[in-house]
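For reference, target34.cif (mmCIF, C-alpha atoms (C1' of nucleotides)):
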data_entry
#
loop_
_atom_site.label_atom_id
_atom_site.label_comp_id
_atom_site.auth_asym_id
_atom_site.auth_seq_id
_atom_site.Cartn_x
_atom_site.Cartn_y
_atom_site.Cartn_z
CA MET A 169 0.00 0.00 0.00
CA ASN A 170 1.45 3.32 -1.03
CA ARG A 171 0.45 5.41 1.93
CA PHE A 172 2.11 6.40 5.16
CA LEU A 173 0.27 4.54 7.91
CA SER A 174 0.71 3.73 11.59
CA ASN A 175 3.15 5.13 14.11
CA ALA A 176 6.36 3.97 15.71
CA THR A 177 8.72 5.33 18.33
CA HIS A 178 12.46 5.01 17.84
CA ARG A 179 15.52 5.94 19.86
CA ILE A 180 17.95 8.69 18.85
CA ASP A 181 21.54 7.47 18.91
CA ALA A 182 24.58 9.23 20.35
CA LYS A 183 25.15 11.04 17.07
CA GLY A 184 21.62 12.39 16.90
CA ARG A 185 20.27 10.01 14.25
CA VAL A 186 17.01 7.99 14.09
CA SER A 187 15.98 5.19 11.81
CA VAL A 188 12.95 6.04 9.71
CA PRO A 189 10.51 3.09 9.91
CA SER A 190 11.15 0.75 7.03
CA SER A 191 7.53 0.85 5.87
CA PHE A 192 7.86 4.64 5.45
CA ARG A 193 11.12 4.25 3.58
CA ALA A 194 9.43 1.78 1.26
CA VAL A 195 6.74 4.33 0.40
CA LEU A 196 9.35 6.99 -0.22
CA ALA A 197 11.34 4.67 -2.47
CA ARG A 198 8.24 3.75 -4.43
CA ALA A 199 7.51 7.45 -4.93
CA GLY A 200 11.09 7.97 -6.06
CA ALA A 201 11.69 10.63 -3.41
CA GLU A 202 15.45 11.14 -3.26
CA GLU A 203 15.38 14.39 -1.31
CA LEU A 204 12.84 15.05 1.39
CA TYR A 205 11.08 18.34 2.04
CA VAL A 206 10.89 18.63 5.83
CA TYR A 207 8.84 21.52 7.19
CA GLN A 208 7.67 22.77 10.52
CA ASP A 209 4.00 21.89 10.61
CA PHE A 210 1.41 24.67 10.48
CA VAL A 211 -0.84 23.09 13.09
CA PHE A 212 1.06 20.75 15.41
CA PRO A 213 4.41 20.89 17.19
CA ALA A 214 5.78 18.38 14.70
CA VAL A 215 7.72 18.44 11.47
CA SER A 216 6.18 17.00 8.34
CA VAL A 217 8.14 15.02 5.80
CA ALA A 218 7.13 14.77 2.17
CA GLY A 219 8.54 14.72 -1.33
CA PRO A 220 9.74 17.90 -3.07
CA GLU A 221 6.49 18.17 -4.99
CA VAL A 222 4.83 19.44 -1.82
CA LEU A 223 7.10 22.46 -1.78
CA ASP A 224 6.27 23.07 -5.44
CA ARG A 225 2.60 23.02 -4.54
CA PHE A 226 3.15 25.55 -1.71
CA GLU A 227 5.17 27.79 -3.99
CA ARG A 228 2.40 27.88 -6.56
CA LEU A 229 0.09 29.16 -3.82
CA ILE A 230 2.52 32.00 -3.16
CA ALA A 231 3.10 32.76 -6.82
CA ALA A 232 -0.62 33.38 -7.19
CA GLN A 233 -0.37 36.35 -4.82
CA ASP A 234 1.13 39.82 -5.02
CA PRO A 235 4.82 39.25 -4.15
CA PHE A 236 4.95 42.42 -2.05
CA SER A 237 1.89 41.57 0.00
CA VAL A 238 2.18 40.77 3.68
CA GLU A 239 0.25 37.56 3.06
CA ALA A 240 2.69 36.23 0.47
CA ASN A 241 5.64 37.16 2.67
CA LYS A 242 4.24 35.41 5.71
CA MET A 243 3.50 32.33 3.65
CA SER A 244 7.08 32.24 2.41
CA LEU A 245 8.33 32.72 5.96
CA LEU A 246 6.62 29.44 6.81
CA ILE A 247 7.28 27.26 3.79
CA HIS A 248 10.76 28.53 2.95
CA GLY A 249 11.98 29.73 6.33
CA GLY A 250 10.29 26.81 8.09
CA GLY A 251 11.29 24.09 5.64
CA VAL A 252 14.45 22.34 4.58
CA PHE A 253 15.60 19.60 2.24
CA MET A 254 17.14 16.57 3.91
CA LYS A 255 18.18 13.12 2.86
CA LEU A 256 18.47 9.78 4.60
CA ASP A 257 21.86 8.22 5.26
CA GLY A 258 22.88 4.84 3.88
CA GLU A 259 20.98 3.02 6.65
CA GLY A 260 17.78 5.01 6.23
CA ARG A 261 18.37 7.32 9.19
CA LEU A 262 17.54 10.99 9.54
CA ALA A 263 19.58 13.47 11.58
CA MET A 264 17.64 15.24 14.33
CA THR A 265 19.03 18.72 13.80
CA ASP A 266 18.33 21.77 15.91
CA PHE A 267 15.89 22.82 13.21
CA ILE A 268 13.79 19.79 14.13
CA ARG A 269 14.50 19.63 17.85
CA SER A 270 13.75 23.23 18.69
CA PHE A 271 10.38 23.09 16.99
CA THR A 272 9.23 19.70 18.27
CA GLY A 273 10.84 19.47 21.70
CA ILE A 274 12.40 16.16 20.71
CA ILE A 275 15.10 14.99 23.13
CA ASP A 276 16.09 11.33 22.82
CA MET A 277 13.05 9.53 21.38
CA VAL A 278 11.07 10.18 18.23
CA THR A 279 7.56 9.16 17.22
CA PHE A 280 6.92 8.74 13.50
CA ALA A 281 3.29 9.18 12.54
CA GLY A 282 1.87 8.26 9.15
CA ARG A 283 -0.39 10.87 7.59
CA GLY A 284 -1.38 9.29 4.31
CA ASP A 285 0.56 11.26 1.72
CA HIS A 286 3.27 12.34 4.17
CA PHE A 287 4.48 11.49 7.62
CA GLN A 288 5.36 13.46 10.73
CA ILE A 289 8.06 13.49 13.37
CA TRP A 290 6.93 14.15 16.94
CA ALA A 291 8.20 14.19 20.48
CA PRO A 292 6.53 11.00 21.82
CA ALA A 293 4.71 12.70 24.68
CA ALA A 294 3.32 15.42 22.45
CA PHE A 295 2.07 12.85 19.96
CA GLU A 296 0.37 10.79 22.64
CA ALA A 297 -1.33 13.79 24.14
CA THR A 298 -2.44 15.30 20.85
CA GLN A 299 -3.73 12.04 19.45
CA ALA A 300 -5.62 11.27 22.64
CA GLN A 301 -7.19 14.70 22.58
CA ALA A 302 -8.19 14.35 18.93
CA ARG A 303 -9.79 11.02 19.76
CA GLN A 304 -11.77 12.53 22.62
CA GLU A 305 -13.06 15.37 20.51
CA ARG A 306 -14.06 12.99 17.79
CA MET A 307 -15.94 10.83 20.26
CA ARG A 308 -17.85 13.83 21.50
CA ALA A 309 -18.63 14.88 17.94
CA THR A 310 -20.06 11.52 16.93
CA PRO A 311 -21.37 9.43 19.85
CA PRO A 312 -20.28 5.80 19.79
CA SER A 313 -22.90 4.03 17.76
CA VAL A 314 -21.09 1.17 16.07
CA MET B 163 18.23 22.09 -4.61
CA ASN B 164 18.73 25.63 -5.78
CA ARG B 165 16.59 27.52 -3.34
CA PHE B 166 17.18 29.26 -0.06
CA LEU B 167 15.49 27.10 2.56
CA SER B 168 15.44 26.62 6.33
CA ASN B 169 16.62 28.83 9.14
CA ALA B 170 19.65 28.83 11.39
CA THR B 171 20.90 31.04 14.20
CA HIS B 172 24.59 31.92 14.39
CA ARG B 173 26.74 33.88 16.80
CA ILE B 174 28.39 37.19 15.94
CA ASP B 175 32.10 37.15 16.80
CA ALA B 176 34.15 39.84 18.50
CA LYS B 177 34.85 41.50 15.16
CA GLY B 178 31.19 41.73 14.23
CA ARG B 179 31.18 38.89 11.71
CA VAL B 180 28.73 35.98 11.21
CA SER B 181 29.07 32.85 9.13
CA VAL B 182 26.44 32.60 6.43
CA PRO B 183 25.02 29.04 6.51
CA SER B 184 26.90 26.84 4.11
CA SER B 185 23.74 25.77 2.28
CA PHE B 186 23.02 29.43 1.49
CA ARG B 187 26.56 29.98 0.29
CA ALA B 188 26.18 26.97 -1.96
CA VAL B 189 23.10 28.49 -3.59
CA LEU B 190 24.88 31.83 -4.05
CA ALA B 191 27.87 30.10 -5.60
CA ARG B 192 25.67 28.13 -7.96
CA ALA B 193 24.00 31.38 -9.03
CA GLY B 194 27.42 32.92 -9.54
CA ALA B 195 26.66 35.79 -7.17
CA GLU B 196 29.95 37.53 -6.38
CA GLU B 197 28.49 40.66 -4.84
CA LEU B 198 25.37 40.63 -2.72
CA TYR B 199 22.56 43.15 -2.81
CA VAL B 200 21.51 43.67 0.80
CA TYR B 201 18.37 45.74 1.39
CA GLN B 202 16.12 46.64 4.24
CA ASP B 203 13.02 44.53 3.77
CA PHE B 204 9.73 46.14 2.74
CA VAL B 205 7.58 44.04 5.04
CA PHE B 206 9.59 42.73 8.00
CA PRO B 207 12.22 44.16 10.37
CA ALA B 208 14.91 42.17 8.55
CA VAL B 209 17.40 42.74 5.77
CA SER B 210 17.12 40.68 2.62
CA VAL B 211 20.11 39.34 0.74
CA ALA B 212 20.08 38.46 -2.94
CA GLY B 213 22.17 38.61 -6.07
CA PRO B 214 22.51 41.88 -8.03
CA GLU B 215 19.85 40.76 -10.48
CA VAL B 216 17.22 41.53 -7.84
CA LEU B 217 18.25 45.17 -7.84
CA ASP B 218 18.01 45.14 -11.63
CA ARG B 219 14.50 43.80 -11.35
CA PHE B 220 13.51 46.51 -8.88
CA GLU B 221 14.98 49.16 -11.14
CA ARG B 222 12.97 47.92 -14.07
CA LEU B 223 9.85 48.29 -11.98
CA ILE B 224 10.76 51.91 -11.37
CA ALA B 225 11.68 52.52 -14.99
CA ALA B 226 8.22 51.38 -16.00
CA GLN B 227 6.73 54.29 -14.06
CA ASP B 228 6.64 58.02 -14.59
CA PRO B 229 10.04 59.13 -13.18
CA PHE B 230 8.45 62.19 -11.56
CA SER B 231 5.73 60.24 -9.83
CA VAL B 232 5.66 60.04 -6.08
CA GLU B 233 5.47 56.28 -6.37
CA ALA B 234 8.66 55.94 -8.38
CA ASN B 235 10.49 58.28 -6.03
CA LYS B 236 9.41 56.39 -2.95
CA MET B 237 10.38 53.11 -4.55
CA SER B 238 13.86 54.41 -5.28
CA LEU B 239 14.14 55.67 -1.74
CA LEU B 240 13.64 52.10 -0.56
CA ILE B 241 15.64 50.07 -3.04
CA HIS B 242 18.51 52.49 -3.49
CA GLY B 243 18.56 54.34 -0.19
CA GLY B 244 17.75 51.18 1.74
CA GLY B 245 20.17 48.90 -0.04
CA VAL B 246 23.89 48.28 -0.21
CA PHE B 247 26.31 45.92 -1.93
CA MET B 248 28.34 43.62 0.31
CA LYS B 249 30.57 40.61 -0.12
CA LEU B 250 31.52 37.63 1.99
CA ASP B 251 35.01 37.19 3.42
CA GLY B 252 37.19 34.19 2.65
CA GLU B 253 35.41 32.04 5.22
CA GLY B 254 31.93 32.94 4.04
CA ARG B 255 31.22 35.49 6.77
CA LEU B 256 29.29 38.74 6.54
CA ALA B 257 29.98 41.87 8.61
CA MET B 258 27.05 43.03 10.73
CA THR B 259 27.29 46.75 10.02
CA ASP B 260 25.24 49.49 11.62
CA PHE B 261 23.19 49.55 8.42
CA ILE B 262 22.03 46.06 9.30
CA ARG B 263 21.96 46.35 13.08
CA SER B 264 19.94 49.52 13.32
CA PHE B 265 17.21 48.22 11.04
CA THR B 266 16.94 44.73 12.53
CA GLY B 267 17.79 45.20 16.19
CA ILE B 268 20.50 42.55 15.91
CA ILE B 269 22.85 42.44 18.90
CA ASP B 270 24.97 39.31 19.21
CA MET B 271 23.02 36.54 17.47
CA VAL B 272 21.65 36.37 13.95
CA THR B 273 18.92 34.21 12.44
CA PHE B 274 19.23 33.43 8.75
CA ALA B 275 15.93 32.61 7.07
CA GLY B 276 15.62 31.14 3.58
CA ARG B 277 13.02 32.79 1.34
CA GLY B 278 13.25 30.81 -1.85
CA ASP B 279 15.01 33.19 -4.23
CA HIS B 280 16.73 35.18 -1.48
CA PHE B 281 17.41 34.95 2.22
CA GLN B 282 16.94 37.23 5.20
CA ILE B 283 18.85 38.28 8.27
CA TRP B 284 16.84 38.69 11.46
CA ALA B 285 17.24 39.34 15.15
CA PRO B 286 16.42 35.84 16.51
CA ALA B 287 13.58 36.96 18.77
CA ALA B 288 11.91 38.95 16.00
CA PHE B 289 12.08 36.00 13.64
CA GLU B 290 10.62 33.61 16.18
CA ALA B 291 7.78 35.95 16.99
CA THR B 292 6.93 36.81 13.40
CA GLN B 293 7.06 33.23 12.17
CA ALA B 294 4.97 32.00 15.09
CA GLN B 295 2.38 34.66 14.39
CA ALA B 296 2.24 33.75 10.71
CA ARG B 297 1.68 30.14 11.71
CA GLN B 298 -1.15 31.07 14.05
CA GLU B 299 -2.88 33.06 11.36
CA ARG B 300 -2.50 30.15 8.98
CA MET B 301 -4.03 27.81 11.52
CA ARG B 302 -7.05 30.03 11.82
CA ALA B 303 -7.31 30.14 8.04
CA THR B 304 -7.39 26.36 7.72
CA PRO B 305 -8.75 24.64 10.84
CA PRO B 306 -7.01 21.53 12.16
CA SER B 307 -8.07 18.57 10.07
CA VAL B 308 -6.85 15.40 11.73
"C1'" DC C 129 49.70 56.81 14.49
"C1'" DT C 130 45.47 54.34 15.70
"C1'" DG C 131 41.17 52.10 14.96
"C1'" DT C 132 39.17 49.25 11.41
"C1'" DT C 133 39.09 45.95 7.79
"C1'" DT C 134 41.14 42.06 5.16
"C1'" DC C 135 43.64 37.91 4.72
"C1'" DC C 136 45.30 33.85 6.91
"C1'" DC C 137 45.57 30.03 10.06
"C1'" DA C 138 43.94 27.09 14.20
"C1'" DT C 139 40.43 24.58 16.81
"C1'" DT C 140 36.34 22.15 17.76
"C1'" DG C 141 32.32 19.97 16.87
"C1'" DA C 142 29.00 18.25 13.47
"C1'" DC C 143 28.04 15.46 9.59
"C1'" DG C 144 28.72 11.90 5.79
"C1'" DC C 145 30.26 7.47 4.62
"C1'" DC C 146 31.37 3.06 5.98
"C1'" DC C 147 31.14 -1.29 8.59
"C1'" DA C 148 29.66 -4.10 12.78
"C1'" DT C 149 26.14 -6.25 15.86
"C1'" DA C 150 21.81 -7.68 17.69
"C1'" DT C 151 17.14 -8.84 17.85
"C1'" DA C 152 12.65 -9.84 15.89
"C1'" DG C 153 9.98 -11.79 12.74
"C1'" DG C 154 9.36 -14.70 8.74
"C1'" DC C 155 10.35 -19.01 6.56
"C1'" DC C 156 11.60 -23.68 5.81
"C1'" DC C 157 11.92 -28.28 7.21
"C1'" DA C 158 11.38 -32.16 9.88
"C1'" DT D 219 3.19 -27.84 14.65
"C1'" DG D 220 7.45 -26.91 16.83
"C1'" DG D 221 12.12 -25.55 16.35
"C1'" DG D 222 15.95 -23.71 14.25
"C1'" DC D 223 17.79 -20.91 10.47
"C1'" DC D 224 18.03 -16.54 8.07
"C1'" DT D 225 17.29 -12.07 6.61
"C1'" DA D 226 16.10 -7.35 7.40
"C1'" DT D 227 15.64 -3.80 10.62
"C1'" DA D 228 17.14 -1.00 14.26
"C1'" DT D 229 21.10 0.58 16.43
"C1'" DG D 230 26.12 1.49 17.63
"C1'" DG D 231 30.46 3.34 16.46
"C1'" DG D 232 35.12 4.59 13.66
"C1'" DC D 233 37.02 7.95 10.89
"C1'" DG D 234 37.78 11.53 7.53
"C1'" DT D 235 35.96 15.97 5.94
"C1'" DC D 236 33.80 20.28 6.38
"C1'" DA D 237 31.44 23.98 8.70
"C1'" DA D 238 31.32 27.41 12.41
"C1'" DT D 239 34.01 30.10 15.18
"C1'" DG D 240 38.10 32.41 17.33
"C1'" DG D 241 42.07 35.03 16.84
"C1'" DG D 242 46.75 36.96 14.89
"C1'" DA D 243 48.89 39.98 11.87
"C1'" DA D 244 49.24 42.66 7.72
"C1'" DA D 245 46.97 46.21 4.90
"C1'" DC D 246 44.35 50.27 4.98
"C1'" DA D 247 42.01 54.66 6.23
"C1'" DG D 248 41.11 58.57 8.98
#
Could you express the structure from this file as structure tokens?
Amino acid sequence: MNRFLSNATHRIDAKGRVSVPSSFRAVLARAGAEELYVYQDFVFPAVSVAGPEVLDRFERLIAAQDPFSVEANKMSLLIHGGGVFMKLDGEGRLAMTDFIRSFTGIIDMVTFAGRGDHFQIWAPAAFEATQAQARQERMRATPPSV
Amino acid sequence: MNRFLSNATHRIDAKGRVSVPSSFRAVLARAGAEELYVYQDFVFPAVSVAGPEVLDRFERLIAAQDPFSVEANKMSLLIHGGGVFMKLDGEGRLAMTDFIRSFTGIIDMVTFAGRGDHFQIWAPAAFEATQAQARQERMRATPPSV
DNA sequence: CTGTTTCCCATTGACGCCCATATAGGCCCA
DNA sequence: TGGGCCTATATGGGCGTCAATGGGAAACAG
């Protein structure tokens, strides 16, 4: 299946690297993603990982606006200033740089969360809490009826 | 990838110099930019850095207007009066002159922010605050959709 | 002559590239 | 069906290179 699914928590090694779950790497390989566009998420304290085409899509949104507008500038501040290209090492690991750590609060463990067409990198505690909260809200929205 | 992406915060040394992130220098080198056009940004309390062709582009915008118009004069005041040519030293460092400091509020640390076709130099706190605010506004624009 | 800028050189830590090990799960075979 | 083999995944670490930073000394300007 060519989607990012499930979640897994891995340990960061002494050199600040984490193994990306092999199922995620398989999806990336199938999509032919050599370089990864990693950006600080707009909603959650997590970074999102996707192929370069996602940046292209964001840039088209900006290009449609007046380049001198405050809106276009703020958008660029997020997608350019808040994003970076990275690549996996030979063993399929990703370096947890300050760019990622400062935004996510990641210390020594990382939770990978599938999001369909991309995946996210979280501090484990933040992921647990946010997912639990989302589940609660959903339950309130639609009472258990199955 | 030939775009300015990501952000990084570096320390200013005793001589008032900062290292420009190596990924930014790589983009500049690829573009063949020897001299840098540094101008006080039109939107944010930051200075923007780009190749000389950006100044050319601005000048063409002015040339397209009536040279006696208030608009054209104001534009020139910004792009000429608010800009300067600079170059990196042998180690890829840039001097933080008063021209830059007074406009940005930079003291002893500098945040570099990629902006696609150029990059910006910010006081760290100002960058954090502005980017966070942009993210908040974006979140309100498109509600969380987990 | 003196403060500032430019050109070098030194140090330290981070990162890329490579190889080693262990454990879990799948697979084969009896 | 149970047990052992085997492969892939997750993880650890060596080592060379490069980036970020500090500082000396020459060149320059006021």
request  = Find the spatial neighbours of stretch 289-306 of chain A, counting all atoms listed in the file, within a cut-off of 10 Å - ignore same-chain residues fewer than 5 positions away - and output them as a PyMOL selection string.
outcome  = (chain A and resi 175-178+188+206+208-209+212-217+264+268-269+271-282+311-312) or (chain B and resi 306-308)
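Separating atom CA of B:His280 from atom CA of B:Val216 is a distance of 9.0 Å.
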Output of the PyMOL selection byres ((chain D) within 12 of (chain A)), listed as number ranges by chain = D: 226-231
Go ahead and save the residues from that selection, with C-alpha atoms (C1' of nucleotides), as a PDB file, in the frame of the given file.
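After the write, part.pdb holds the following:
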ATOM      1  C1'  DA D 226      16.100  -7.350   7.400  1.00  0.00           C
ATOM      2  C1'  DT D 227      15.640  -3.800  10.620  1.00  0.00           C
ATOM      3  C1'  DA D 228      17.140  -1.000  14.260  1.00  0.00           C
ATOM      4  C1'  DT D 229      21.100   0.580  16.430  1.00  0.00           C
ATOM      5  C1'  DG D 230      26.120   1.490  17.630  1.00  0.00           C
ATOM      6  C1'  DG D 231      30.460   3.340  16.460  1.00  0.00           C
TER       7       DG D 231
END
task = Find the residues near C:DA142: any atom within 12 Å, counting all atoms listed in the file, skip ones fewer than 6 places away on the same chain, and give them as an MDAnalysis selection string.
result = (chainID A and resid 183:184 263:266) or (chainID D and resid 235:238)
task = Step by step, work through what the PyMOL selection byres ((chain A) within 10 of (chain B)) selects in the shown file, and finish by giving those residues as an MDAnalysis selection string.
result = chainID A and resid 203 205:212 220 227 236:239 241:253 266:267 283 299 302:303 306
Å distance separating atom CA of A:Gly260 from atom CA of A:Arg193, one decimal place = 7.2 Å
ask   = Applied to the shown file, which residues does the PyMOL selection byres ((chain C) within 10 of (chain A)) return, written as an MDAnalysis selection string?
value = chainID C and resid 142:146
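Pairwise distance (atom C1' of C:DG131, atom C1' of D:DA243) equals 14.7 Å.
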